[in-house]
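> Below is model23.cif; it holds mmCIF, C-alpha atoms and all ligand atoms.
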data_final
loop_
_atom_site.label_atom_id
_atom_site.label_comp_id
_atom_site.auth_asym_id
_atom_site.auth_seq_id
_atom_site.Cartn_x
_atom_site.Cartn_y
_atom_site.Cartn_z
CA MET A 684 -162.92 -51.33 93.97
CA PRO A 685 -162.59 -53.48 97.09
CA SER A 686 -162.83 -57.11 96.04
CA LYS A 687 -164.37 -58.54 99.19
CA MET A 688 -166.66 -56.27 101.17
CA PRO A 689 -167.88 -57.18 104.63
CA ALA A 690 -171.65 -56.95 104.98
CA LEU A 691 -172.61 -53.34 105.68
CA ALA A 692 -173.89 -54.22 109.16
CA THR A 693 -170.45 -55.60 110.06
CA LEU A 694 -168.53 -52.77 108.39
CA PHE A 695 -170.48 -50.09 110.26
CA ALA A 696 -170.89 -51.85 113.64
CA GLN A 697 -167.14 -52.42 113.90
CA ALA A 698 -166.15 -49.06 112.37
CA ASP A 699 -164.18 -51.15 109.85
CA GLY A 700 -162.28 -52.84 112.70
CA ALA A 701 -160.90 -49.64 114.22
CA ILE A 702 -159.03 -50.25 117.48
CA ASP A 703 -157.14 -47.50 119.30
CA PRO A 704 -153.47 -48.33 118.58
CA GLN A 705 -152.19 -46.96 121.92
CA THR A 706 -154.60 -48.67 124.29
CA GLY A 707 -156.52 -51.32 122.39
CA GLY A 708 -159.70 -49.34 123.09
CA VAL A 709 -162.57 -50.52 120.93
CA VAL A 710 -163.49 -46.89 120.36
CA PRO A 711 -160.95 -44.64 118.58
CA ALA A 712 -159.67 -41.72 120.68
CA ILE A 713 -160.34 -38.09 119.79
CA GLN A 714 -157.02 -36.46 118.95
CA THR A 715 -157.50 -32.73 119.47
CA ALA A 716 -153.95 -31.61 118.53
CA THR A 717 -153.78 -29.38 115.49
CA THR A 718 -150.03 -29.83 115.12
CA TYR A 719 -147.48 -32.62 115.66
CA VAL A 720 -143.84 -32.40 116.71
CA ARG A 721 -140.72 -33.22 114.74
CA GLY A 722 -137.65 -34.88 116.26
CA ARG A 723 -134.16 -33.34 116.63
CA ASP A 724 -133.42 -34.58 113.11
CA ASN A 725 -136.41 -32.43 112.01
CA GLN A 726 -138.24 -35.52 110.80
CA PRO A 727 -141.91 -35.84 111.86
CA VAL A 728 -142.25 -38.15 114.86
CA SER A 729 -145.07 -39.75 112.88
CA PRO A 730 -144.77 -39.35 109.09
CA THR A 731 -148.56 -39.31 108.71
CA HIS A 732 -149.07 -36.58 111.33
CA ILE A 733 -147.94 -33.05 110.59
CA TYR A 734 -150.94 -30.70 110.77
CA SER A 735 -154.53 -31.61 111.54
CA ARG A 736 -156.05 -29.96 108.46
CA ASP A 737 -154.30 -32.71 106.47
CA ASP A 738 -153.86 -35.41 109.08
CA SER A 739 -157.00 -36.32 110.98
CA ASP A 740 -157.09 -40.06 111.71
CA LEU A 741 -160.77 -39.90 112.56
CA SER A 742 -161.65 -38.20 109.27
CA ARG A 743 -159.58 -40.77 107.39
CA LEU A 744 -161.38 -43.57 109.21
CA ALA A 745 -164.85 -42.13 108.54
CA GLU A 746 -163.94 -41.56 104.88
CA ALA A 747 -162.67 -45.13 104.54
CA ILE A 748 -165.84 -46.60 106.08
CA LEU A 749 -168.13 -44.58 103.85
CA ALA A 750 -166.02 -45.25 100.73
CA LYS A 751 -166.25 -49.00 101.41
CA ALA A 752 -169.97 -48.77 102.05
CA GLU A 753 -170.48 -46.99 98.72
CA ASN A 754 -168.07 -49.32 96.87
CA ALA A 755 -166.10 -46.17 96.03
CA GLU A 756 -162.42 -45.97 95.12
CA ALA A 757 -162.02 -42.98 97.43
CA GLY A 758 -164.07 -40.77 99.71
CA LEU A 759 -163.80 -37.27 101.12
CA LEU A 760 -165.60 -35.62 104.02
CA PHE A 761 -166.66 -31.98 104.01
CA PRO A 762 -167.97 -29.70 106.78
CA SER A 763 -171.58 -30.01 105.49
CA GLY A 764 -173.59 -31.56 102.71
CA MET A 765 -173.70 -28.17 100.98
CA ALA A 766 -169.89 -27.92 101.13
CA ALA A 767 -169.66 -31.36 99.47
CA ALA A 768 -172.19 -30.39 96.77
CA ALA A 769 -170.43 -27.09 96.09
CA ALA A 770 -167.05 -28.87 95.88
CA VAL A 771 -168.28 -30.93 92.91
CA LEU A 772 -170.22 -28.19 91.18
CA ARG A 773 -167.35 -25.68 91.51
CA SER A 774 -165.27 -27.95 89.24
CA VAL A 775 -167.35 -26.78 86.24
CA PRO A 776 -165.40 -24.14 84.30
CA ALA A 777 -166.77 -20.77 83.21
CA GLY A 778 -168.74 -21.28 80.03
CA GLY A 779 -169.53 -24.91 80.93
CA ARG A 780 -172.91 -26.54 81.43
CA ILE A 781 -174.69 -28.24 84.34
CA ILE A 782 -177.84 -30.32 83.89
CA MET A 783 -179.69 -30.44 87.21
CA GLN A 784 -182.84 -32.24 88.33
CA THR A 785 -185.78 -30.00 89.22
CA GLY A 786 -187.53 -30.23 92.60
CA ILE A 787 -184.48 -31.37 94.57
CA TYR A 788 -183.14 -30.03 97.87
CA TRP A 789 -183.67 -26.29 97.57
CA GLY A 790 -180.24 -25.35 98.99
CA VAL A 791 -178.45 -27.14 96.14
CA THR A 792 -180.71 -25.58 93.49
CA LYS A 793 -180.27 -22.08 94.90
CA TRP A 794 -176.49 -22.34 95.28
CA THR A 795 -176.15 -23.72 91.75
CA ARG A 796 -178.33 -21.01 90.19
CA ASP A 797 -176.28 -18.27 91.88
CA PHE A 798 -172.97 -19.95 91.03
CA CYS A 799 -173.90 -20.46 87.36
CA ALA A 800 -175.00 -16.83 87.04
CA ARG A 801 -171.65 -15.66 88.49
CA ARG A 802 -169.59 -17.92 86.21
CA GLN A 803 -171.57 -17.70 82.96
CA ILE A 804 -172.31 -21.43 83.26
CA ASP A 805 -175.38 -22.69 81.40
CA LEU A 806 -177.77 -24.32 83.87
CA VAL A 807 -180.37 -26.66 82.37
CA GLU A 808 -183.03 -27.69 84.91
CA VAL A 809 -185.06 -30.75 83.95
CA ASP A 810 -187.17 -33.45 85.60
CA CYS A 811 -184.61 -36.27 85.60
CA ALA A 812 -187.19 -38.75 86.90
CA ASP A 813 -188.49 -38.53 83.31
CA LEU A 814 -185.73 -40.00 81.13
CA ASN A 815 -187.42 -38.79 77.94
CA ALA A 816 -187.40 -35.21 79.24
CA LEU A 817 -183.74 -35.64 80.21
CA ARG A 818 -182.87 -37.10 76.80
CA ALA A 819 -184.66 -34.18 75.12
CA ALA A 820 -182.56 -31.75 77.18
CA GLY A 821 -179.56 -33.71 75.77
CA HIS A 822 -176.78 -31.17 75.56
CA PRO A 823 -173.09 -31.63 75.91
CA ALA A 824 -172.56 -30.93 79.61
CA ASP A 825 -169.96 -31.15 82.36
CA ILE A 826 -172.13 -32.43 85.21
CA LEU A 827 -175.50 -34.15 85.38
CA TRP A 828 -176.81 -33.77 88.95
CA ILE A 829 -179.62 -35.93 90.26
CA GLU A 830 -181.09 -36.58 93.71
CA THR A 831 -182.98 -39.79 94.37
CA PRO A 832 -185.34 -40.14 96.13
CA SER A 833 -185.69 -36.38 95.89
CA ASN A 834 -186.46 -34.00 98.72
CA PRO A 835 -189.32 -33.05 99.19
CA TYR A 836 -191.16 -34.64 96.22
CA LEU A 837 -189.73 -38.17 96.64
CA LYS A 838 -189.26 -38.64 92.91
CA SER A 839 -187.16 -41.61 91.88
CA ALA A 840 -184.62 -40.98 89.13
CA ASP A 841 -183.31 -44.06 87.31
CA ILE A 842 -179.58 -43.89 88.09
CA ALA A 843 -178.52 -46.35 85.37
CA GLY A 844 -180.68 -44.56 82.78
CA CYS A 845 -179.26 -41.17 83.82
CA ALA A 846 -175.71 -42.60 83.67
CA GLU A 847 -176.25 -43.65 80.07
CA ILE A 848 -177.56 -40.20 79.13
CA ALA A 849 -174.72 -38.51 81.02
CA ARG A 850 -172.17 -40.52 79.02
CA ALA A 851 -173.89 -39.53 75.77
CA CYS A 852 -173.63 -35.84 76.85
CA GLY A 853 -170.00 -36.17 77.91
CA ALA A 854 -171.10 -35.37 81.49
CA ARG A 855 -170.19 -36.89 84.85
CA LEU A 856 -173.18 -38.18 86.77
CA VAL A 857 -173.36 -37.03 90.40
CA VAL A 858 -176.06 -38.54 92.64
CA ASP A 859 -177.20 -36.92 95.87
CA SER A 860 -178.13 -40.13 97.68
CA THR A 861 -178.83 -38.53 101.07
CA ALA A 862 -182.37 -39.88 101.39
CA ALA A 863 -181.31 -43.40 100.35
CA THR A 864 -178.08 -43.83 102.36
CA PRO A 865 -175.53 -46.46 101.25
CA VAL A 866 -177.63 -49.06 103.06
CA LEU A 867 -180.43 -48.83 100.47
CA THR A 868 -178.68 -47.68 97.26
CA ARG A 869 -175.09 -47.56 96.07
CA PRO A 870 -175.25 -45.23 93.03
CA LEU A 871 -171.72 -46.00 91.80
CA GLU A 872 -172.83 -49.61 91.22
CA HIS A 873 -175.51 -48.21 88.87
CA GLY A 874 -173.05 -46.19 86.80
CA ALA A 875 -172.75 -42.88 88.69
CA ASP A 876 -169.34 -41.20 88.76
CA ILE A 877 -169.74 -39.52 92.15
CA VAL A 878 -172.09 -40.17 95.05
CA MET A 879 -172.84 -37.31 97.44
CA HIS A 880 -174.39 -37.32 100.91
CA SER A 881 -175.41 -34.87 103.53
CA ALA A 882 -173.96 -37.02 106.33
CA THR A 883 -175.76 -34.63 108.67
CA LYS A 884 -178.85 -36.75 107.98
CA ALA A 885 -179.26 -40.52 108.41
CA ILE A 886 -175.56 -41.38 108.13
CA ASN A 887 -174.90 -39.63 111.43
CA GLY A 888 -178.52 -40.05 112.42
CA HIS A 889 -178.58 -38.19 115.73
CA SER A 890 -179.13 -34.57 114.63
CA ASP A 891 -176.00 -33.44 116.43
CA MET A 892 -173.38 -32.63 113.79
CA LEU A 893 -172.99 -31.41 110.19
CA ALA A 894 -170.96 -33.21 107.51
CA GLY A 895 -170.95 -33.97 103.81
CA PHE A 896 -169.43 -36.85 101.89
CA LEU A 897 -168.32 -37.50 98.31
CA GLY A 898 -167.31 -40.93 97.02
CA CYS A 899 -165.99 -41.60 93.51
CA ALA A 900 -165.87 -44.46 91.02
CA ASP A 901 -162.50 -43.34 89.59
CA SER A 902 -160.05 -41.71 91.96
CA ALA A 903 -157.55 -41.08 89.14
CA SER A 904 -160.05 -39.02 87.12
CA ASP A 905 -159.30 -35.34 86.56
CA LEU A 906 -162.61 -34.44 88.24
CA TRP A 907 -161.83 -36.32 91.45
CA GLN A 908 -158.24 -35.09 91.52
CA SER A 909 -159.36 -31.48 91.21
CA ILE A 910 -161.99 -31.93 93.96
CA ALA A 911 -159.44 -33.57 96.26
CA THR A 912 -156.82 -30.89 95.60
CA ASP A 913 -159.30 -28.10 96.22
CA ARG A 914 -160.60 -29.74 99.41
CA HIS A 915 -157.01 -30.03 100.62
CA ASP A 916 -155.81 -26.59 99.58
CA ALA A 917 -158.97 -24.71 100.55
CA GLY A 918 -159.17 -26.55 103.87
CA ALA A 919 -162.83 -27.65 103.75
CA VAL A 920 -162.36 -30.30 106.46
CA ILE A 921 -164.36 -31.42 109.49
CA GLY A 922 -163.12 -31.25 113.09
CA ALA A 923 -162.09 -34.22 115.23
CA PHE A 924 -165.21 -34.09 117.43
CA GLU A 925 -167.48 -34.14 114.38
CA ALA A 926 -165.58 -37.06 112.83
CA TRP A 927 -165.83 -38.96 116.12
CA LEU A 928 -169.57 -38.32 116.39
CA LEU A 929 -170.01 -39.41 112.78
CA ILE A 930 -168.16 -42.71 113.37
CA ARG A 931 -170.16 -43.31 116.53
CA GLY A 932 -173.44 -42.55 114.77
CA MET A 933 -172.60 -44.74 111.76
CA ARG A 934 -172.14 -47.87 113.89
CA THR A 935 -175.91 -48.28 114.01
CA LEU A 936 -176.70 -46.97 110.51
CA PRO A 937 -177.96 -50.25 108.97
CA LEU A 938 -180.07 -50.98 112.06
CA ARG A 939 -181.56 -47.49 112.14
CA VAL A 940 -182.27 -47.46 108.42
CA GLU A 941 -184.03 -50.82 108.63
CA ARG A 942 -186.32 -49.55 111.41
CA MET A 943 -186.89 -46.15 109.84
CA CYS A 944 -187.85 -47.74 106.51
CA ALA A 945 -190.29 -50.12 108.20
CA ASN A 946 -191.82 -47.22 110.15
CA ALA A 947 -192.01 -44.96 107.10
CA GLN A 948 -193.69 -47.70 105.07
CA ALA A 949 -196.29 -48.22 107.84
CA VAL A 950 -196.87 -44.46 108.16
CA ALA A 951 -197.18 -44.04 104.37
CA GLU A 952 -199.68 -46.90 104.10
CA PHE A 953 -201.74 -45.46 106.97
CA LEU A 954 -201.76 -41.96 105.46
CA ALA A 955 -202.56 -43.21 101.95
CA LYS A 956 -205.89 -44.52 103.27
CA HIS A 957 -206.73 -41.47 105.40
CA PRO A 958 -209.72 -39.38 104.22
CA ARG A 959 -207.98 -36.09 105.11
CA VAL A 960 -204.98 -36.88 102.91
CA ASP A 961 -205.04 -36.11 99.17
CA GLN A 962 -201.74 -37.74 98.27
CA VAL A 963 -198.76 -39.47 99.84
CA LEU A 964 -195.42 -39.11 98.05
CA TYR A 965 -193.33 -42.16 98.96
CA PRO A 966 -191.54 -44.58 96.61
CA GLY A 967 -192.45 -47.52 98.85
CA LEU A 968 -196.12 -47.30 97.86
CA SER A 969 -196.90 -49.53 94.89
CA SER A 970 -199.08 -46.70 93.51
CA ASP A 971 -196.12 -44.27 93.46
CA PRO A 972 -195.02 -43.42 89.89
CA GLY A 973 -191.38 -44.07 90.87
CA HIS A 974 -192.02 -47.37 92.67
CA GLY A 975 -190.66 -49.57 89.86
CA VAL A 976 -187.44 -47.56 89.51
CA ALA A 977 -187.01 -47.37 93.28
CA ALA A 978 -187.58 -51.12 93.67
CA ARG A 979 -184.84 -51.78 91.08
CA GLN A 980 -182.21 -49.57 92.67
CA MET A 981 -183.09 -49.66 96.38
CA SER A 982 -182.82 -52.77 98.50
CA GLY A 983 -184.03 -53.20 102.07
CA GLY A 984 -186.58 -50.40 102.04
CA PHE A 985 -187.52 -47.07 100.50
CA GLY A 986 -186.14 -44.62 103.01
CA SER A 987 -187.45 -42.58 105.91
CA LEU A 988 -188.59 -39.46 104.05
CA LEU A 989 -192.12 -38.92 102.76
CA SER A 990 -194.40 -36.04 101.93
CA VAL A 991 -198.15 -35.73 102.41
CA ARG A 992 -200.61 -33.42 100.66
CA ILE A 993 -203.26 -32.52 103.23
CA THR A 994 -206.88 -32.09 102.12
CA GLY A 995 -207.97 -28.47 102.55
CA GLY A 996 -204.77 -26.62 101.59
CA GLY A 997 -202.14 -24.67 103.49
CA ASP A 998 -204.18 -23.71 106.55
CA ALA A 999 -205.29 -27.30 107.02
CA ALA A 1000 -201.66 -28.50 106.71
CA LEU A 1001 -200.50 -25.98 109.32
CA ALA A 1002 -203.36 -26.98 111.61
CA VAL A 1003 -202.36 -30.64 111.32
CA ILE A 1004 -198.69 -30.10 112.14
CA GLY A 1005 -199.72 -27.78 114.99
CA LYS A 1006 -201.48 -30.73 116.65
CA LEU A 1007 -198.54 -33.16 116.43
CA ASN A 1008 -197.02 -34.23 119.72
CA LEU A 1009 -194.42 -36.89 118.88
CA PHE A 1010 -193.32 -35.57 115.49
CA LYS A 1011 -191.27 -32.46 116.20
CA ARG A 1012 -191.89 -29.43 113.99
CA ALA A 1013 -188.36 -28.93 112.63
CA THR A 1014 -186.41 -28.99 109.40
CA SER A 1015 -183.90 -31.73 108.45
CA LEU A 1016 -184.30 -35.47 108.09
CA GLY A 1017 -182.73 -38.84 108.84
CA GLY A 1018 -182.48 -38.54 112.63
CA VAL A 1019 -183.71 -41.09 115.15
CA GLU A 1020 -186.52 -38.70 116.12
CA SER A 1021 -189.44 -38.09 113.76
CA LEU A 1022 -189.81 -34.59 112.31
CA ALA A 1023 -192.54 -32.78 110.41
CA GLU A 1024 -192.00 -29.69 108.29
CA HIS A 1025 -194.24 -27.32 106.38
CA ARG A 1026 -191.75 -26.74 103.54
CA HIS A 1027 -193.80 -23.92 102.00
CA THR A 1028 -193.00 -21.78 105.06
CA ILE A 1029 -189.34 -21.66 103.98
CA GLU A 1030 -189.54 -22.64 100.29
CA ALA A 1031 -192.34 -20.75 98.53
CA SER A 1032 -192.42 -22.98 95.43
CA VAL A 1033 -193.48 -26.04 97.46
CA PRO A 1034 -197.30 -26.41 97.60
CA ALA A 1035 -198.78 -25.03 100.82
CA ASP A 1036 -200.69 -28.26 101.51
CA LEU A 1037 -197.49 -30.35 101.62
CA VAL A 1038 -196.10 -31.65 104.91
CA ARG A 1039 -192.74 -33.39 104.80
CA LEU A 1040 -192.17 -36.16 107.32
CA SER A 1041 -188.85 -37.63 108.38
CA VAL A 1042 -189.70 -40.87 110.14
CA GLY A 1043 -187.48 -41.96 113.02
CA ILE A 1044 -187.03 -45.13 115.03
CA GLU A 1045 -189.90 -44.71 117.52
CA ALA A 1046 -192.67 -47.34 117.75
CA ALA A 1047 -194.66 -47.18 114.49
CA ASP A 1048 -197.97 -47.43 116.37
CA ASP A 1049 -197.11 -44.32 118.41
CA LEU A 1050 -196.23 -42.36 115.26
CA ILE A 1051 -199.42 -43.43 113.53
CA ALA A 1052 -201.50 -42.53 116.60
CA ASP A 1053 -199.88 -39.08 116.66
CA LEU A 1054 -200.72 -38.51 112.98
CA ASP A 1055 -204.23 -39.91 113.40
CA ASN A 1056 -204.89 -37.52 116.28
CA ALA A 1057 -203.46 -34.54 114.35
CA LEU A 1058 -205.61 -35.35 111.30
CA SER A 1059 -208.79 -35.86 113.28
N1 LIG B 1 -178.90 -32.79 100.06
C1 LIG B 1 -180.10 -33.08 100.58
C2 LIG B 1 -180.99 -34.07 99.89
C3 LIG B 1 -180.54 -32.45 101.76
O1 LIG B 1 -181.75 -32.74 102.26
C4 LIG B 1 -179.68 -31.51 102.39
C5 LIG B 1 -180.11 -30.80 103.62
O2 LIG B 1 -181.26 -30.84 104.01
C6 LIG B 1 -178.44 -31.24 101.81
C7 LIG B 1 -178.08 -31.91 100.65
C8 LIG B 1 -177.50 -30.25 102.43
O3 LIG B 1 -176.86 -30.85 103.53
P1 LIG B 1 -176.32 -30.03 104.81
O4 LIG B 1 -177.50 -29.49 105.54
O5 LIG B 1 -175.53 -31.07 105.56
O6 LIG B 1 -175.43 -28.94 104.26
#
Take the structure in this file and express it as structure tokens.
Ligand code: PLP

Amino acid sequence: MPSKMPALATLFAQADGAIDPQTGGVVPAIQTATTYVRGRDNQPVSPTHIYSRDDSDLSRLAEAILAKAENAEAGLLFPSGMAAAAAVLRSVPAGGRIIMQTGIYWGVTKWTRDFCARRQIDLVEVDCADLNALRAAGHPADILWIETPSNPYLKSADIAGCAEIARACGARLVVDSTAATPVLTRPLEHGADIVMHSATKAINGHSDMLAGFLGCADSASDLWQSIATDRHDAGAVIGAFEAWLLIRGMRTLPLRVERMCANAQAVAEFLAKHPRVDQVLYPGLSSDPGHGVAARQMSGGFGSLLSVRITGGGDAALAVIGKLNLFKRATSLGGVESLAEHRHTIEASVPADLVRLSVGIEAADDLIADLDNALS
């Protein structure tokens, strides 16, 4: 673990001090070469540059920044959040067991169900926001997978409590911390073994590239070594342009997260009082069942994602999002622009009255006026 971390705002704003070594440019250059020459003695001109699948300076830089931000011993980037999730879950051998939180990002649940069926892996799905339910599920297991706050139900799972249960089950705890970002929560500091992100979301923050990230507490562990070897050998890497965009986006991550959290809190408080809203799911509300857990393990805010149950059911929810002007009707989350999504349209198990909001960095008053108009 790094002994002396710069504040996250400094780490991200300065891209960990990256300066282009050729020119002194304060922005690292995009190296597009896939291959690097050797000299007449057949030695590489640069020993750390042979082939770009292994040797991308920009990927290394982005991995180092994110690993520092998560207080991780090592970090690895993947071409998407799903690729990062699959890289961890694929480490479970045939006949093994995965314990997975219910009501998390649907793509992870679906991939894991299919994978476990193919490999004869026992999949135990349980509400990990309820530690008693998790304890009761208490099997020996290989991986305990949680997501907090969860998408789209915004449940808060107690990372330290889950870590204790994971140890008792002989499992490694993996936390999908996409909705929290390293600015708000650093799961490894609460006992997780691996933290996972869809860097497509707030970490990049501009809705213009896909990436996933894994950071680990113990880089010498068999689990991390097998993930790193498979990432290397199977070639699940990101391109130079994507790594550059990610580094550029991350420079403002703490600033964006601060604003998005403040906006989301204001939006949640407005909606919680609105007569056409049955329920607001957001850990920042003191009435939220996960507020206490979230307050313990999140600092600086409660994230930019919230869900709203609209009075009147599915048709009413669709009518509301149809009247939005500023919030764009689109999937995804964590970008600077606010988005609204009727999850039921693409995920049948989500209640039809639920609208998921990803709150961006616009003026809070404008966002609230847009919602007020749509609800009227
Ligand atoms: N985890 C969470 C919480 C997500 O919301 C998503 C995507 O929406 C993913 C993982 C998958 O990430 P990606 O779309 O980058 O593959």
> Quick one: what's the axis-aligned box for ligand LIG 1 (chain B), all listed atoms, 8 Å on every side, centre and edges in Å to one decimal, as JSON?

{"center_x": -178.6, "center_y": -31.5, "center_z": 102.7, "size_x": 22.3, "size_y": 21.1, "size_z": 21.7}
> Could you give me, as CSV, a per-residue list for chain A showing, wherever an atom lies at most 9 Å from an atom of ligand LIG 1 (chain B), the closest pair of atoms and their distance in Å to one decimal, using all atoms listed in the file and sorting by chain then residue number from low to high?

residue,atom,partner,partner_atom,distance
A:Pro762,CA,B:LIG1,O5,7.8
A:Ser763,CA,B:LIG1,O5,4.1
A:Gly764,CA,B:LIG1,O3,3.4
A:Met765,CA,B:LIG1,O6,3.8
A:Ala766,CA,B:LIG1,O6,6.4
A:Ala767,CA,B:LIG1,O6,7.9
A:Ala768,CA,B:LIG1,C7,7.2
A:Ile787,CA,B:LIG1,C2,6.9
A:Tyr788,CA,B:LIG1,C2,5.0
A:Trp789,CA,B:LIG1,C3,8.1
A:Gly790,CA,B:LIG1,C8,6.6
A:Val791,CA,B:LIG1,C7,6.6
A:Glu830,CA,B:LIG1,C2,6.7
A:Thr831,CA,B:LIG1,C2,8.2
A:Pro832,CA,B:LIG1,C2,8.4
A:Ser833,CA,B:LIG1,C2,6.6
A:Asn834,CA,B:LIG1,C2,5.6
A:Pro835,CA,B:LIG1,O1,8.2
A:Asp859,CA,B:LIG1,N1,6.1
A:Ser860,CA,B:LIG1,C2,7.1
A:Thr861,CA,B:LIG1,C2,5.1
A:Ala862,CA,B:LIG1,C2,6.2
A:Met879,CA,B:LIG1,N1,8.0
A:His880,CA,B:LIG1,N1,6.4
A:Ser881,CA,B:LIG1,O3,4.3
A:Ala882,CA,B:LIG1,O5,6.2
A:Thr883,CA,B:LIG1,O5,4.7
A:Lys884,CA,B:LIG1,O5,7.0
A:Met892,CA,B:LIG1,O5,8.6
A:Leu893,CA,B:LIG1,O5,5.3
A:Ala894,CA,B:LIG1,O5,5.4
A:Gly895,CA,B:LIG1,O5,5.7
A:Thr1014,CA,B:LIG1,O2,7.7
A:Ser1015,CA,B:LIG1,O2,5.2
A:Leu1016,CA,B:LIG1,O2,6.9
> Please, could you write that set of residues out with C-alpha atoms as a PDB file, in the frame of the given file?

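Saved result, result.pdb, follows:
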ATOM      1  CA  PRO A 762    -167.970 -29.700 106.780  1.00  0.00           C
ATOM      2  CA  SER A 763    -171.580 -30.010 105.490  1.00  0.00           C
ATOM      3  CA  GLY A 764    -173.590 -31.560 102.710  1.00  0.00           C
ATOM      4  CA  MET A 765    -173.700 -28.170 100.980  1.00  0.00           C
ATOM      5  CA  ALA A 766    -169.890 -27.920 101.130  1.00  0.00           C
ATOM      6  CA  ALA A 767    -169.660 -31.360  99.470  1.00  0.00           C
ATOM      7  CA  ALA A 768    -172.190 -30.390  96.770  1.00  0.00           C
ATOM      8  CA  ILE A 787    -184.480 -31.370  94.570  1.00  0.00           C
ATOM      9  CA  TYR A 788    -183.140 -30.030  97.870  1.00  0.00           C
ATOM     10  CA  TRP A 789    -183.670 -26.290  97.570  1.00  0.00           C
ATOM     11  CA  GLY A 790    -180.240 -25.350  98.990  1.00  0.00           C
ATOM     12  CA  VAL A 791    -178.450 -27.140  96.140  1.00  0.00           C
ATOM     13  CA  GLU A 830    -181.090 -36.580  93.710  1.00  0.00           C
ATOM     14  CA  THR A 831    -182.980 -39.790  94.370  1.00  0.00           C
ATOM     15  CA  PRO A 832    -185.340 -40.140  96.130  1.00  0.00           C
ATOM     16  CA  SER A 833    -185.690 -36.380  95.890  1.00  0.00           C
ATOM     17  CA  ASN A 834    -186.460 -34.000  98.720  1.00  0.00           C
ATOM     18  CA  PRO A 835    -189.320 -33.050  99.190  1.00  0.00           C
ATOM     19  CA  ASP A 859    -177.200 -36.920  95.870  1.00  0.00           C
ATOM     20  CA  SER A 860    -178.130 -40.130  97.680  1.00  0.00           C
ATOM     21  CA  THR A 861    -178.830 -38.530 101.070  1.00  0.00           C
ATOM     22  CA  ALA A 862    -182.370 -39.880 101.390  1.00  0.00           C
ATOM     23  CA  MET A 879    -172.840 -37.310  97.440  1.00  0.00           C
ATOM     24  CA  HIS A 880    -174.390 -37.320 100.910  1.00  0.00           C
ATOM     25  CA  SER A 881    -175.410 -34.870 103.530  1.00  0.00           C
ATOM     26  CA  ALA A 882    -173.960 -37.020 106.330  1.00  0.00           C
ATOM     27  CA  THR A 883    -175.760 -34.630 108.670  1.00  0.00           C
ATOM     28  CA  LYS A 884    -178.850 -36.750 107.980  1.00  0.00           C
ATOM     29  CA  MET A 892    -173.380 -32.630 113.790  1.00  0.00           C
ATOM     30  CA  LEU A 893    -172.990 -31.410 110.190  1.00  0.00           C
ATOM     31  CA  ALA A 894    -170.960 -33.210 107.510  1.00  0.00           C
ATOM     32  CA  GLY A 895    -170.950 -33.970 103.810  1.00  0.00           C
ATOM     33  CA  THR A1014    -186.410 -28.990 109.400  1.00  0.00           C
ATOM     34  CA  SER A1015    -183.900 -31.730 108.450  1.00  0.00           C
ATOM     35  CA  LEU A1016    -184.300 -35.470 108.090  1.00  0.00           C
TER      36      LEU A1016
END
> So which one's closest to Asp905 of chain A, A:His873, A:His889, A:Arg959, A:Arg855? Using all atoms listed in the file, please.
A:Arg855
> Can you work out the spacing between atom CA of Ala863 of chain A and atom CA of Arg1012 of chain A in Å, to one decimal?
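Atom-to-atom, atom CA of Ala863 of chain A and atom CA of Arg1012 of chain A are spaced 22.2 Å apart.
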> What lies within 9 Å of Gly779 of chain A using all atoms listed in the file, ignoring chain neighbours under 6 positions off, as JSON, numbers by chain?
{"A": [799, 802, 803, 804, 805, 806, 824, 825]}
> Those same residues, written as a PDB file, keeping the file's coordinate frame with C-alpha atoms?

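Full text of out25.pdb as output:
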ATOM      1  CA  CYS A 799    -173.900 -20.460  87.360  1.00  0.00           C
ATOM      2  CA  ARG A 802    -169.590 -17.920  86.210  1.00  0.00           C
ATOM      3  CA  GLN A 803    -171.570 -17.700  82.960  1.00  0.00           C
ATOM      4  CA  ILE A 804    -172.310 -21.430  83.260  1.00  0.00           C
ATOM      5  CA  ASP A 805    -175.380 -22.690  81.400  1.00  0.00           C
ATOM      6  CA  LEU A 806    -177.770 -24.320  83.870  1.00  0.00           C
ATOM      7  CA  ALA A 824    -172.560 -30.930  79.610  1.00  0.00           C
ATOM      8  CA  ASP A 825    -169.960 -31.150  82.360  1.00  0.00           C
TER       9      ASP A 825
END
> Tell me which protein, DNA and RNA residues are within 10 Å of Ala849 of chain A, counting only C-alpha atoms, leaving out same-chain ones fewer than 6 positions away, and put them as a list in words.
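Selected residues are Ile782, Leu817, Arg818, Gly821, His822, Pro823, Ala824, Asp825, Ile826, Leu827, Trp828, Ala843, Arg855, Leu856, Val857, Gly874, Ala875 and Asp876 of chain A.
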> Compare A:Glu753, A:Glu808, A:Asp998, A:Asp703 by their minimum atom-to-atom distance to His1025 of chain A, counting all atoms listed in the file, and give me the closest one.
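Among A:Glu753, A:Glu808, A:Asp998, A:Asp703, it is A:Asp998 that comes nearest to His1025 of chain A.
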> For segment 1041-1052 of chain A, list every protein, DNA or RNA residue within 7 Å, evaluated using only C-alpha atoms, and leave out those in the same chain fewer than 2 positions away; present the list as a list in words.
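Listing them by chain and then by number gives Arg939, Arg942, Met943, Asn946, Ala947, Ala949, Val950, Ser987, Leu988, Leu989, Leu1009, Leu1016, Gly1017, Gly1018, Val1019, Glu1020, Ser1021, Leu1022, Ala1023, Arg1039, Leu1054, Asp1055 and Asn1056 of chain A.
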> Here is a test: counting only C-alpha atoms, which residue of A:Arg1026, A:Arg736, A:Lys956, A:His974 is nearest to Ala812 of chain A?
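Comparing A:Arg1026, A:Arg736, A:Lys956, A:His974 against Ala812 of chain A, the winner is A:His974.
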